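Here is structure20.tsv, consisting of TSV, C-alpha atoms:
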chain	number	residue	atom	x	y	z
A	1	MET	CA	-87.47	-47.32	29.79
A	2	ARG	CA	-86.44	-45.67	26.53
A	3	ILE	CA	-89.23	-44.29	24.35
A	4	ILE	CA	-88.58	-42.31	21.18
A	5	THR	CA	-91.50	-40.37	19.72
A	6	VAL	CA	-91.15	-39.31	16.10
A	7	SER	CA	-93.33	-36.43	14.99
A	8	ARG	CA	-92.90	-35.55	11.36
A	9	GLU	CA	-94.04	-33.42	8.48
A	10	PHE	CA	-95.66	-35.45	5.73
A	11	GLY	CA	-93.01	-36.36	3.14
A	12	SER	CA	-90.05	-35.49	5.37
A	13	GLY	CA	-88.84	-39.08	5.74
A	14	GLY	CA	-89.72	-39.17	9.43
A	15	ARG	CA	-91.34	-42.58	9.21
A	16	GLU	CA	-88.26	-44.13	7.58
A	17	LEU	CA	-86.06	-42.40	10.14
A	18	GLY	CA	-88.19	-43.79	12.96
A	19	LYS	CA	-88.07	-47.32	11.55
A	20	ARG	CA	-84.30	-47.13	11.16
A	21	LEU	CA	-83.90	-45.80	14.70
A	22	ALA	CA	-85.81	-48.82	16.03
A	23	ASP	CA	-83.61	-51.14	13.94
A	24	ILE	CA	-80.37	-49.53	15.11
A	25	LEU	CA	-81.42	-49.54	18.77
A	26	GLN	CA	-83.06	-52.96	18.37
A	27	ILE	CA	-86.28	-51.89	20.03
A	28	ASN	CA	-89.96	-52.20	19.09
A	29	TYR	CA	-91.51	-50.00	16.47
A	30	TYR	CA	-95.11	-48.74	16.37
A	31	ASP	CA	-96.73	-46.98	13.51
A	32	ARG	CA	-99.45	-48.68	11.43
A	33	GLU	CA	-99.49	-51.34	14.15
A	34	ILE	CA	-101.55	-48.91	16.22
A	35	ILE	CA	-104.16	-48.75	13.48
A	36	THR	CA	-104.32	-52.55	13.32
A	37	MET	CA	-104.97	-52.66	17.07
A	38	LEU	CA	-107.55	-49.91	16.78
A	39	ALA	CA	-109.32	-51.80	13.97
A	40	GLU	CA	-109.50	-54.90	16.12
A	41	GLN	CA	-110.94	-52.98	19.04
A	42	SER	CA	-113.36	-50.82	17.11
A	43	LYS	CA	-114.42	-53.42	14.51
A	44	LEU	CA	-113.84	-50.81	11.86
A	45	ASP	CA	-111.95	-51.29	8.62
A	46	GLU	CA	-108.22	-50.57	8.81
A	47	HIS	CA	-108.11	-48.53	5.62
A	48	TYR	CA	-111.07	-46.47	6.67
A	49	LEU	CA	-109.48	-45.86	10.06
A	50	GLU	CA	-106.22	-44.87	8.50
A	51	SER	CA	-107.90	-42.30	6.32
A	52	VAL	CA	-109.85	-40.95	9.30
A	53	MET	CA	-106.84	-40.74	11.59
A	54	ASP	CA	-104.31	-39.51	9.10
A	55	ASN	CA	-105.88	-37.92	6.08
A	56	GLN	CA	-109.28	-36.56	7.01
A	57	THR	CA	-110.09	-33.48	8.95
A	58	PHE	CA	-112.15	-33.72	12.10
A	59	ARG	CA	-115.02	-32.05	10.39
A	60	SER	CA	-116.00	-34.21	7.41
A	61	PHE	CA	-116.77	-37.90	7.93
A	62	PRO	CA	-119.41	-40.29	6.78
A	63	VAL	CA	-121.81	-40.48	9.69
A	64	THR	CA	-122.22	-44.25	9.59
A	65	TYR	CA	-119.56	-46.85	9.04
A	66	GLY	CA	-119.11	-50.48	9.98
A	67	ARG	CA	-121.46	-51.30	12.80
A	68	THR	CA	-121.23	-48.00	14.55
A	69	PHE	CA	-123.57	-45.08	14.16
A	70	LEU	CA	-122.12	-41.84	15.34
A	71	SER	CA	-122.04	-38.28	14.21
A	72	GLY	CA	-118.76	-37.76	12.36
A	73	GLN	CA	-117.24	-35.47	14.94
A	74	ASN	CA	-118.11	-37.75	17.84
A	75	GLN	CA	-116.78	-40.83	16.12
A	76	ALA	CA	-113.50	-39.14	15.32
A	77	VAL	CA	-112.99	-37.98	18.87
A	78	GLN	CA	-113.97	-41.39	20.21
A	79	LEU	CA	-111.46	-43.10	17.91
A	80	LEU	CA	-108.80	-40.65	18.91
A	81	VAL	CA	-109.40	-41.39	22.60
A	82	GLN	CA	-109.35	-45.12	21.87
A	83	GLN	CA	-106.06	-44.70	20.03
A	84	HIS	CA	-104.63	-42.77	22.95
A	85	ASN	CA	-105.54	-45.60	25.30
A	86	ILE	CA	-103.81	-48.12	23.03
A	87	ILE	CA	-100.64	-46.01	23.04
A	88	LYS	CA	-100.69	-45.70	26.82
A	89	ALA	CA	-101.20	-49.45	27.14
A	90	ILE	CA	-98.11	-50.07	24.96
A	91	ALA	CA	-96.02	-47.90	27.30
A	92	GLU	CA	-97.31	-49.80	30.31
A	93	LYS	CA	-95.59	-52.94	28.99
A	94	LYS	CA	-92.31	-51.28	30.06
A	95	GLN	CA	-90.44	-52.20	26.89
A	96	ASP	CA	-88.35	-49.74	24.88
A	97	PHE	CA	-89.91	-48.57	21.63
A	98	VAL	CA	-90.09	-46.03	18.84
A	99	ILE	CA	-93.51	-44.64	17.97
A	100	VAL	CA	-94.33	-42.51	14.94
A	101	GLY	CA	-96.87	-39.70	15.16
A	102	ARG	CA	-100.22	-39.98	16.96
A	103	SER	CA	-99.39	-37.35	19.61
A	104	ALA	CA	-97.37	-39.93	21.51
A	105	ASP	CA	-94.90	-37.16	22.46
A	106	VAL	CA	-97.60	-35.61	24.62
A	107	LEU	CA	-99.49	-38.73	25.69
A	108	LEU	CA	-96.35	-40.40	27.02
A	109	GLN	CA	-94.67	-37.39	28.59
A	110	GLU	CA	-94.61	-38.99	32.05
A	111	TYR	CA	-92.08	-41.47	30.60
A	112	HIS	CA	-89.75	-38.64	29.46
A	113	PRO	CA	-89.51	-39.84	25.87
A	114	PHE	CA	-86.87	-38.57	23.48
A	115	ARG	CA	-89.12	-36.38	21.37
A	116	LEU	CA	-87.94	-35.99	17.80
A	117	PHE	CA	-89.43	-33.74	15.13
A	118	VAL	CA	-88.55	-34.39	11.51
A	119	TYR	CA	-89.08	-31.79	8.79
A	120	ALA	CA	-87.84	-30.81	5.36
A	121	GLU	CA	-88.10	-28.18	2.66
A	122	MET	CA	-91.27	-28.36	0.59
A	123	GLN	CA	-89.47	-29.26	-2.64
A	124	ASP	CA	-87.83	-32.24	-0.95
A	125	LYS	CA	-91.09	-33.39	0.60
A	126	GLN	CA	-92.69	-33.31	-2.84
A	127	LYS	CA	-89.83	-35.30	-4.31
A	128	ARG	CA	-90.12	-37.91	-1.58
A	129	CYS	CA	-93.89	-38.18	-2.01
A	130	ARG	CA	-93.51	-38.73	-5.73
A	131	ALA	CA	-90.80	-41.33	-5.23
A	132	TYR	CA	-92.90	-43.38	-2.78
A	133	ASP	CA	-96.32	-42.94	-4.26
A	134	LYS	CA	-97.18	-42.81	-7.90
A	135	THR	CA	-99.40	-39.78	-8.10
A	136	ASN	CA	-100.82	-37.67	-10.89
A	137	LEU	CA	-101.19	-34.61	-8.69
A	138	SER	CA	-99.74	-31.37	-9.98
A	139	ASP	CA	-97.07	-29.70	-7.85
A	140	LYS	CA	-99.65	-27.29	-6.54
A	141	GLU	CA	-102.11	-30.05	-5.65
A	142	LEU	CA	-99.40	-32.11	-3.99
A	143	GLN	CA	-98.29	-29.12	-1.93
A	144	ARG	CA	-101.90	-28.59	-0.88
A	145	LYS	CA	-102.18	-32.26	0.12
A	146	ILE	CA	-98.95	-32.10	2.15
A	147	ARG	CA	-100.10	-28.98	3.96
A	148	GLN	CA	-103.54	-30.46	4.61
A	149	ILE	CA	-102.15	-33.64	6.18
A	150	ASP	CA	-99.85	-31.62	8.41
A	151	LYS	CA	-102.77	-29.37	9.35
A	152	ASN	CA	-104.71	-32.45	10.47
A	153	ARG	CA	-101.77	-33.66	12.49
A	154	ALA	CA	-101.59	-30.28	14.16
A	155	GLU	CA	-105.32	-30.44	14.92
A	156	CYS	CA	-105.03	-33.90	16.50
A	157	HIS	CA	-102.09	-32.63	18.54
A	158	ALA	CA	-104.10	-29.64	19.74
A	159	PHE	CA	-106.56	-32.06	21.37
A	160	VAL	CA	-103.95	-33.05	23.92
A	161	SER	CA	-101.45	-30.18	24.10
A	162	ASP	CA	-101.21	-26.43	24.39
A	163	THR	CA	-97.85	-26.46	22.64
A	164	ARG	CA	-98.23	-26.15	18.91
A	165	TRP	CA	-97.41	-29.23	16.81
A	166	GLY	CA	-93.99	-28.63	15.26
A	167	ASP	CA	-93.01	-25.90	17.73
A	168	LYS	CA	-89.43	-26.80	18.62
A	169	LYS	CA	-90.12	-26.16	22.31
A	170	GLY	CA	-91.99	-29.48	22.42
A	171	TYR	CA	-89.06	-31.58	21.25
A	172	GLN	CA	-85.52	-32.56	22.21
A	173	LEU	CA	-84.33	-32.46	18.64
A	174	CYS	CA	-85.67	-31.12	15.35
A	175	VAL	CA	-84.03	-32.54	12.27
A	176	ASN	CA	-84.21	-31.07	8.79
A	177	THR	CA	-83.79	-33.97	6.34
A	178	SER	CA	-83.26	-31.76	3.28
A	179	GLY	CA	-80.01	-32.71	1.61
A	180	MET	CA	-79.39	-35.52	4.10
A	181	GLU	CA	-79.45	-39.31	3.69
A	182	ILE	CA	-82.06	-40.77	6.07
A	183	LYS	CA	-79.86	-43.80	6.66
A	184	GLN	CA	-76.94	-41.69	7.90
A	185	LEU	CA	-79.27	-39.37	9.79
A	186	ALA	CA	-80.66	-42.36	11.66
A	187	GLU	CA	-77.18	-43.31	12.86
A	188	VAL	CA	-76.41	-39.89	14.32
A	189	THR	CA	-79.93	-39.40	15.67
A	190	ALA	CA	-79.63	-42.73	17.51
A	191	GLU	CA	-76.46	-41.39	19.16
A	192	PHE	CA	-78.36	-38.27	20.16
A	193	ALA	CA	-81.11	-40.32	21.72
A	194	LYS	CA	-78.59	-42.46	23.63
A	195	THR	CA	-76.98	-39.28	24.99
A	196	TYR	CA	-80.39	-38.06	26.12
A	197	PHE	CA	-81.24	-41.34	27.88
A	198	ARG	CA	-77.85	-41.37	29.60
A	199	GLY	CA	-78.66	-37.87	30.89
A	200	CYS	CA	-82.08	-39.02	32.15
A	201	GLN	CA	-80.49	-41.85	34.13
A	202	ALA	CA	-77.81	-39.57	35.60
B	1	MET	CA	-65.36	-25.49	3.09
B	2	ARG	CA	-67.17	-26.42	6.30
B	3	ILE	CA	-68.91	-23.60	8.15
B	4	ILE	CA	-71.07	-24.19	11.21
B	5	THR	CA	-73.32	-21.34	12.29
B	6	VAL	CA	-74.64	-21.51	15.83
B	7	SER	CA	-77.77	-19.49	16.56
B	8	ARG	CA	-78.91	-19.73	20.14
B	9	GLU	CA	-81.33	-18.56	22.76
B	10	PHE	CA	-79.65	-16.59	25.54
B	11	GLY	CA	-78.73	-18.97	28.36
B	12	SER	CA	-79.20	-22.15	26.32
B	13	GLY	CA	-75.52	-23.08	26.31
B	14	GLY	CA	-75.20	-22.48	22.57
B	15	ARG	CA	-71.95	-20.57	22.93
B	16	GLU	CA	-70.31	-23.39	24.89
B	17	LEU	CA	-71.67	-25.90	22.39
B	18	GLY	CA	-70.22	-23.87	19.53
B	19	LYS	CA	-66.81	-23.61	21.19
B	20	ARG	CA	-66.74	-27.34	21.86
B	21	LEU	CA	-67.76	-28.08	18.26
B	22	ALA	CA	-64.81	-26.05	17.02
B	23	ASP	CA	-62.49	-27.90	19.42
B	24	ILE	CA	-63.77	-31.34	18.39
B	25	LEU	CA	-63.54	-30.55	14.68
B	26	GLN	CA	-60.29	-28.63	15.19
B	27	ILE	CA	-61.46	-25.64	13.23
B	28	ASN	CA	-61.51	-21.90	13.89
B	29	TYR	CA	-64.03	-20.32	16.23
B	30	TYR	CA	-65.54	-16.85	15.95
B	31	ASP	CA	-67.63	-15.17	18.56
B	32	ARG	CA	-66.29	-12.19	20.53
B	33	GLU	CA	-63.45	-12.13	18.00
B	34	ILE	CA	-65.86	-10.42	15.63
B	35	ILE	CA	-66.43	-7.63	18.15
B	36	THR	CA	-62.67	-7.18	18.55
B	37	MET	CA	-62.32	-6.79	14.79
B	38	LEU	CA	-65.26	-4.40	14.69
B	39	ALA	CA	-63.74	-2.33	17.50
B	40	GLU	CA	-60.48	-2.04	15.54
B	41	GLN	CA	-62.27	-0.96	12.39
B	42	SER	CA	-64.75	1.41	13.98
B	43	LYS	CA	-62.42	2.84	16.67
B	44	LEU	CA	-65.18	2.25	19.18
B	45	ASP	CA	-64.81	0.65	22.57
B	46	GLU	CA	-65.25	-3.12	22.61
B	47	HIS	CA	-67.51	-3.18	25.64
B	48	TYR	CA	-69.69	-0.48	24.23
B	49	LEU	CA	-69.93	-2.33	20.93
B	50	GLU	CA	-70.79	-5.57	22.67
B	51	SER	CA	-73.63	-3.96	24.53
B	52	VAL	CA	-74.89	-2.32	21.33
B	53	MET	CA	-74.71	-5.50	19.24
B	54	ASP	CA	-75.93	-7.96	21.82
B	55	ASN	CA	-77.86	-6.34	24.60
B	56	GLN	CA	-79.36	-3.10	23.36
B	57	THR	CA	-82.34	-2.67	21.14
B	58	PHE	CA	-82.00	-0.79	17.89
B	59	ARG	CA	-83.97	2.07	19.32
B	60	SER	CA	-82.09	3.35	22.35
B	61	PHE	CA	-78.45	4.36	21.98
B	62	PRO	CA	-76.32	7.23	23.12
B	63	VAL	CA	-76.07	9.41	20.05
B	64	THR	CA	-72.36	10.11	20.38
B	65	TYR	CA	-69.65	7.69	21.35
B	66	GLY	CA	-65.94	7.52	20.74
B	67	ARG	CA	-65.05	9.73	17.84
B	68	THR	CA	-68.18	9.14	15.83
B	69	PHE	CA	-71.26	11.27	15.79
B	70	LEU	CA	-74.29	9.50	14.42
B	71	SER	CA	-77.94	9.26	15.22
B	72	GLY	CA	-78.47	6.13	17.31
B	73	GLN	CA	-80.45	4.25	14.70
B	74	ASN	CA	-77.99	5.06	11.92
B	75	GLN	CA	-75.01	4.11	13.99
B	76	ALA	CA	-76.52	0.74	14.91
B	77	VAL	CA	-77.33	-0.08	11.31
B	78	GLN	CA	-73.91	1.05	10.17
B	79	LEU	CA	-72.22	-1.14	12.79
B	80	LEU	CA	-74.40	-4.07	11.78
B	81	VAL	CA	-73.41	-3.66	8.14
B	82	GLN	CA	-69.75	-3.36	9.15
B	83	GLN	CA	-70.08	-6.54	11.20
B	84	HIS	CA	-71.67	-8.32	8.25
B	85	ASN	CA	-68.73	-7.36	6.05
B	86	ILE	CA	-66.28	-8.72	8.62
B	87	ILE	CA	-68.15	-12.04	8.70
B	88	LYS	CA	-68.15	-12.29	4.91
B	89	ALA	CA	-64.42	-11.50	4.84
B	90	ILE	CA	-63.78	-14.36	7.27
B	91	ALA	CA	-65.58	-16.78	4.97
B	92	GLU	CA	-63.56	-15.56	2.01
B	93	LYS	CA	-60.43	-16.93	3.68
B	94	LYS	CA	-61.74	-20.40	2.75
B	95	GLN	CA	-60.94	-21.96	6.11
B	96	ASP	CA	-63.38	-24.09	8.08
B	97	PHE	CA	-64.91	-22.39	11.11
B	98	VAL	CA	-67.68	-22.22	13.69
B	99	ILE	CA	-69.37	-18.87	14.19
B	100	VAL	CA	-71.79	-18.03	16.98
B	101	GLY	CA	-74.76	-15.73	16.37
B	102	ARG	CA	-74.58	-12.51	14.36
B	103	SER	CA	-76.95	-13.72	11.60
B	104	ALA	CA	-74.08	-15.67	10.04
B	105	ASP	CA	-76.58	-18.41	9.08
B	106	VAL	CA	-78.15	-15.99	6.62
B	107	LEU	CA	-75.09	-13.95	5.64
B	108	LEU	CA	-73.10	-17.02	4.67
B	109	GLN	CA	-75.85	-19.04	3.03
B	110	GLU	CA	-73.99	-19.22	-0.28
B	111	TYR	CA	-71.44	-21.44	1.52
B	112	HIS	CA	-74.17	-23.91	2.63
B	113	PRO	CA	-73.23	-23.78	6.31
B	114	PHE	CA	-74.49	-26.35	8.78
B	115	ARG	CA	-77.00	-24.13	10.56
B	116	LEU	CA	-77.58	-25.08	14.16
B	117	PHE	CA	-80.15	-23.59	16.52
B	118	VAL	CA	-79.71	-24.15	20.26
B	119	TYR	CA	-82.55	-23.63	22.73
B	120	ALA	CA	-83.70	-24.72	26.16
B	121	GLU	CA	-86.52	-24.47	28.62
B	122	MET	CA	-86.75	-21.15	30.47
B	123	GLN	CA	-85.97	-22.64	33.89
B	124	ASP	CA	-82.75	-24.17	32.55
B	125	LYS	CA	-81.74	-20.94	30.85
B	126	GLN	CA	-82.21	-19.10	34.12
B	127	LYS	CA	-80.13	-21.69	35.96
B	128	ARG	CA	-77.34	-21.39	33.40
B	129	CYS	CA	-77.39	-17.58	33.56
B	130	ARG	CA	-77.11	-17.66	37.33
B	131	ALA	CA	-74.28	-20.19	37.24
B	132	TYR	CA	-72.21	-18.12	34.79
B	133	ASP	CA	-73.00	-14.66	35.95
B	134	LYS	CA	-73.49	-13.53	39.50
B	135	THR	CA	-76.69	-11.56	39.31
B	136	ASN	CA	-79.11	-10.12	41.81
B	137	LEU	CA	-82.01	-10.14	39.38
B	138	SER	CA	-85.22	-11.75	40.55
B	139	ASP	CA	-86.53	-14.70	38.51
B	140	LYS	CA	-89.02	-12.42	36.84
B	141	GLU	CA	-86.37	-9.81	35.98
B	142	LEU	CA	-84.00	-12.46	34.68
B	143	GLN	CA	-86.73	-13.95	32.48
B	144	ARG	CA	-87.44	-10.49	31.14
B	145	LYS	CA	-83.74	-9.98	30.39
B	146	ILE	CA	-83.49	-13.35	28.60
B	147	ARG	CA	-86.54	-12.60	26.49
B	148	GLN	CA	-85.27	-9.10	25.70
B	149	ILE	CA	-81.89	-10.33	24.47
B	150	ASP	CA	-83.56	-12.93	22.27
B	151	LYS	CA	-85.93	-10.29	20.96
B	152	ASN	CA	-82.93	-8.17	19.93
B	153	ARG	CA	-81.34	-11.15	18.22
B	154	ALA	CA	-84.58	-11.72	16.33
B	155	GLU	CA	-84.62	-8.04	15.30
B	156	CYS	CA	-81.04	-8.17	14.02
B	157	HIS	CA	-81.91	-11.34	12.11
B	158	ALA	CA	-84.94	-9.68	10.54
B	159	PHE	CA	-82.59	-7.13	8.92
B	160	VAL	CA	-81.22	-9.83	6.65
B	161	SER	CA	-83.86	-12.56	6.45
B	162	ASP	CA	-87.56	-13.12	5.89
B	163	THR	CA	-87.41	-16.34	7.90
B	164	ARG	CA	-88.03	-15.72	11.56
B	165	TRP	CA	-85.08	-16.15	13.95
B	166	GLY	CA	-85.54	-19.49	15.70
B	167	ASP	CA	-88.00	-20.85	13.12
B	168	LYS	CA	-86.77	-24.41	12.57
B	169	LYS	CA	-87.16	-24.03	8.79
B	170	GLY	CA	-84.01	-21.91	8.78
B	171	TYR	CA	-81.77	-24.57	10.32
B	172	GLN	CA	-80.48	-28.09	9.70
B	173	LEU	CA	-80.76	-29.00	13.35
B	174	CYS	CA	-82.46	-27.53	16.42
B	175	VAL	CA	-81.15	-28.84	19.72
B	176	ASN	CA	-82.90	-28.53	23.06
B	177	THR	CA	-80.17	-28.55	25.72
B	178	SER	CA	-82.56	-29.03	28.65
B	179	GLY	CA	-81.52	-32.08	30.63
B	180	MET	CA	-78.47	-32.64	28.42
B	181	GLU	CA	-74.74	-32.23	29.09
B	182	ILE	CA	-73.30	-29.72	26.63
B	183	LYS	CA	-70.08	-31.71	26.43
B	184	GLN	CA	-71.87	-34.85	25.26
B	185	LEU	CA	-74.19	-32.85	23.04
B	186	ALA	CA	-71.18	-31.37	21.30
B	187	GLU	CA	-69.89	-34.84	20.42
B	188	VAL	CA	-73.12	-35.98	18.78
B	189	THR	CA	-73.76	-32.62	17.14
B	190	ALA	CA	-70.29	-32.78	15.58
B	191	GLU	CA	-71.26	-36.16	14.08
B	192	PHE	CA	-74.43	-34.59	12.72
B	193	ALA	CA	-72.46	-31.80	11.10
B	194	LYS	CA	-70.02	-34.26	9.55
B	195	THR	CA	-72.93	-36.23	8.10
B	196	TYR	CA	-74.31	-33.02	6.62
B	197	PHE	CA	-70.99	-32.03	5.05
B	198	ARG	CA	-70.56	-35.51	3.57
B	199	GLY	CA	-74.01	-35.07	1.99
B	200	CYS	CA	-73.02	-31.67	0.56
B	201	GLN	CA	-69.93	-33.15	-1.07
B	202	ALA	CA	-71.89	-36.08	-2.53
Represent the structure of the file as structure tokens.
Amino acid sequence: MRIITVSREFGSGGRELGKRLADILQINYYDREIITMLAEQSKLDEHYLESVMDNQTFRSFPVTYGRTFLSGQNQAVQLLVQQHNIIKAIAEKKQDFVIVGRSADVLLQEYHPFRLFVYAEMQDKQKRCRAYDKTNLSDKELQRKIRQIDKNRAECHAFVSDTRWGDKKGYQLCVNTSGMEIKQLAEVTAEFAKTYFRGCQA
Amino acid sequence: MRIITVSREFGSGGRELGKRLADILQINYYDREIITMLAEQSKLDEHYLESVMDNQTFRSFPVTYGRTFLSGQNQAVQLLVQQHNIIKAIAEKKQDFVIVGRSADVLLQEYHPFRLFVYAEMQDKQKRCRAYDKTNLSDKELQRKIRQIDKNRAECHAFVSDTRWGDKKGYQLCVNTSGMEIKQLAEVTAEFAKTYFRGCQA
């Protein structure tokens, strides 16, 4: 089975790269789909979940939401565990797929995924954020937002791994998208992944 | 002009990858060649120079060697500067090339090189070292040697850059060779580099 996990800095284009990889390799793609599944299971609102899992820290939540009453910290951890179980269940279907974020690189390590990390220079991440999302944030505020989201991703990662999020040791390939076209990057990264999977079979 | 700089952990196969990249792209390759040039200029023995530049720390040298008398620290720094000038002179020839190590990624940044970092898991680096070099070192001693060489590389890098040696920020691509065939890796890495250079021209 071929699994590609895409970890990425916010604004680096990692999500687009992941989607394109799935298209090129003609395999399933999981990103927001995980949140939809989690919403169904937890009976919580998708948008709320998304903000909890992606944008909030693990320290500041509303203590009640939907039909569940939990202290913020407990709820977050519980949702994280639930999300992990969803990801593991996807892998158990034994179909090839690309998955973006969500510590899948660590959770699915028994499947020897091709673990990709996507990053970029801050100025390029800002540019990408502004292109995709109309925002009135100043450069300084946007930089703070980018750093905060990545900090949260690192925190979620630390729940399941001793290796630091973004430390190249944890990945097969780390790609800097600055000055590169994501479309072309996807083509060559797909070749990289194929080479890796050939090696795993050998 | 297309320049590829290959920075690499000791034992990761980065040198072989660099050589193969040059062969695939049919461009010049610089590695030990730099030491030969430095030996000619400095009138110092090549083997001595190699051990100074690659294996020794910047703290422990013989104080006299060849025809030069210098304090160890001064001699090392002087040789480093001399080496830097050789590398810059190579770039001024305006021919495409691959260069391994020697902080070329930083020294040649005005030429927008494709900066590659090659790394691997410790057990694979040990295996590679043992395959290439008959050694009687114990695993522990070999690990210590590998770490020491990389530490020296990081120190040399710190002379010319604020970005830490091996920090992915400083590179376009970081490749983990563990479980991969260097020959196949070279093919896909060459495609990556071509994509980067096309982007630079655009």
Measure the distance from CA of Asp139 in chain A to CA of Thr163 in chain B in Å and round it to one decimal. 22.8 Å
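If you measure from each of B:Ala76, B:Trp165, B:Asp31, B:Cys174 to Phe117 in chain A using only C-alpha atoms, the closest one turns out to be B:Cys174.
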List as an mmCIF file with C-alpha atoms, in the frame of the given file the protein and nucleic acid residues near Ile146 in chain A, meaning an atom at most 12 Å away when only C-alpha atoms are counted, but skip any in the same chain fewer than 4 places from it.
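out_35.cif, written as the output of this step:
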data_model
loop_
_atom_site.group_PDB
_atom_site.id
_atom_site.type_symbol
_atom_site.label_atom_id
_atom_site.label_comp_id
_atom_site.auth_asym_id
_atom_site.auth_seq_id
_atom_site.Cartn_x
_atom_site.Cartn_y
_atom_site.Cartn_z
ATOM 1 C CA ARG A 8 -92.900 -35.550 11.360
ATOM 2 C CA GLU A 9 -94.040 -33.420 8.480
ATOM 3 C CA PHE A 10 -95.660 -35.450 5.730
ATOM 4 C CA GLY A 11 -93.010 -36.360 3.140
ATOM 5 C CA SER A 12 -90.050 -35.490 5.370
ATOM 6 C CA ASP A 54 -104.310 -39.510 9.100
ATOM 7 C CA ASN A 55 -105.880 -37.920 6.080
ATOM 8 C CA TYR A 119 -89.080 -31.790 8.790
ATOM 9 C CA ALA A 120 -87.840 -30.810 5.360
ATOM 10 C CA GLU A 121 -88.100 -28.180 2.660
ATOM 11 C CA MET A 122 -91.270 -28.360 0.590
ATOM 12 C CA GLN A 123 -89.470 -29.260 -2.640
ATOM 13 C CA ASP A 124 -87.830 -32.240 -0.950
ATOM 14 C CA LYS A 125 -91.090 -33.390 0.600
ATOM 15 C CA GLN A 126 -92.690 -33.310 -2.840
ATOM 16 C CA LYS A 127 -89.830 -35.300 -4.310
ATOM 17 C CA ARG A 128 -90.120 -37.910 -1.580
ATOM 18 C CA CYS A 129 -93.890 -38.180 -2.010
ATOM 19 C CA ARG A 130 -93.510 -38.730 -5.730
ATOM 20 C CA LEU A 137 -101.190 -34.610 -8.690
ATOM 21 C CA ASP A 139 -97.070 -29.700 -7.850
ATOM 22 C CA LYS A 140 -99.650 -27.290 -6.540
ATOM 23 C CA GLU A 141 -102.110 -30.050 -5.650
ATOM 24 C CA LEU A 142 -99.400 -32.110 -3.990
ATOM 25 C CA ASP A 150 -99.850 -31.620 8.410
ATOM 26 C CA LYS A 151 -102.770 -29.370 9.350
ATOM 27 C CA ASN A 152 -104.710 -32.450 10.470
ATOM 28 C CA ARG A 153 -101.770 -33.660 12.490
#
At most 12 Å to chain A: residues in chain B, all atoms listed in the file, as a PyMOL selection string: chain B and resi 9+112+114-122+166-202
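The spacing separating CA of Ala91 in chain B from CA of Glu33 in chain B amounts to 14.0 Å.
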May I have the protein, DNA and RNA residues with any atom at most 10 Å from the point (-91.4, -48.1, 17.6), counting only C-alpha atoms, written as a PDB file with C-alpha atoms, keeping the file's coordinate frame?
ATOM      1  CA  ILE A   3     -89.230 -44.290  24.350  1.00  0.00           C
ATOM      2  CA  ILE A   4     -88.580 -42.310  21.180  1.00  0.00           C
ATOM      3  CA  THR A   5     -91.500 -40.370  19.720  1.00  0.00           C
ATOM      4  CA  VAL A   6     -91.150 -39.310  16.100  1.00  0.00           C
ATOM      5  CA  GLY A  18     -88.190 -43.790  12.960  1.00  0.00           C
ATOM      6  CA  LYS A  19     -88.070 -47.320  11.550  1.00  0.00           C
ATOM      7  CA  ARG A  20     -84.300 -47.130  11.160  1.00  0.00           C
ATOM      8  CA  LEU A  21     -83.900 -45.800  14.700  1.00  0.00           C
ATOM      9  CA  ALA A  22     -85.810 -48.820  16.030  1.00  0.00           C
ATOM     10  CA  ASP A  23     -83.610 -51.140  13.940  1.00  0.00           C
ATOM     11  CA  GLN A  26     -83.060 -52.960  18.370  1.00  0.00           C
ATOM     12  CA  ILE A  27     -86.280 -51.890  20.030  1.00  0.00           C
ATOM     13  CA  ASN A  28     -89.960 -52.200  19.090  1.00  0.00           C
ATOM     14  CA  TYR A  29     -91.510 -50.000  16.470  1.00  0.00           C
ATOM     15  CA  TYR A  30     -95.110 -48.740  16.370  1.00  0.00           C
ATOM     16  CA  ASP A  31     -96.730 -46.980  13.510  1.00  0.00           C
ATOM     17  CA  GLU A  33     -99.490 -51.340  14.150  1.00  0.00           C
ATOM     18  CA  ASP A  96     -88.350 -49.740  24.880  1.00  0.00           C
ATOM     19  CA  PHE A  97     -89.910 -48.570  21.630  1.00  0.00           C
ATOM     20  CA  VAL A  98     -90.090 -46.030  18.840  1.00  0.00           C
ATOM     21  CA  ILE A  99     -93.510 -44.640  17.970  1.00  0.00           C
ATOM     22  CA  VAL A 100     -94.330 -42.510  14.940  1.00  0.00           C
TER      23      VAL A 100
END
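Of note, CA of Glu40 in chain A and CA of Gln82 in chain A are spaced 11.3 Å apart.
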Using only C-alpha atoms, determine which residues lie at most 10 Å from His157 in chain A, disregarding the query and same-chain residues fewer than 2 positions distant; provide the list as a ChimeraX atom specification. /A:101-107,151-155,159-166
Once 6 Å is added on each side, what are the centre and the three edge lengths, in Å to one decimal, of the axis-aligned box enclosing the listed atoms of range 23-33 of chain B? Present them as lines of an AutoDock Vina configuration file.
center_x = -64.0
center_y = -21.7
center_z = 16.9
size_x = 19.3
size_y = 31.2
size_z = 19.3
Could range 123-133 of chain B be written out with C-alpha atoms, as an mmCIF file, in the first residue's frame, please?
data_model
loop_
_atom_site.group_PDB
_atom_site.id
_atom_site.type_symbol
_atom_site.label_atom_id
_atom_site.label_comp_id
_atom_site.auth_asym_id
_atom_site.auth_seq_id
_atom_site.Cartn_x
_atom_site.Cartn_y
_atom_site.Cartn_z
ATOM 1 C CA GLN B 123 22.174 3.194 11.244
ATOM 2 C CA ASP B 124 22.283 3.688 7.466
ATOM 3 C CA LYS B 125 25.149 6.152 7.711
ATOM 4 C CA GLN B 126 27.102 3.633 9.759
ATOM 5 C CA LYS B 127 26.389 0.908 7.208
ATOM 6 C CA ARG B 128 27.549 3.140 4.369
ATOM 7 C CA CYS B 129 30.732 4.116 6.226
ATOM 8 C CA ARG B 130 31.571 0.474 6.847
ATOM 9 C CA ALA B 131 30.905 -0.472 3.233
ATOM 10 C CA TYR B 132 33.195 2.252 1.852
ATOM 11 C CA ASP B 133 35.914 2.244 4.425
#
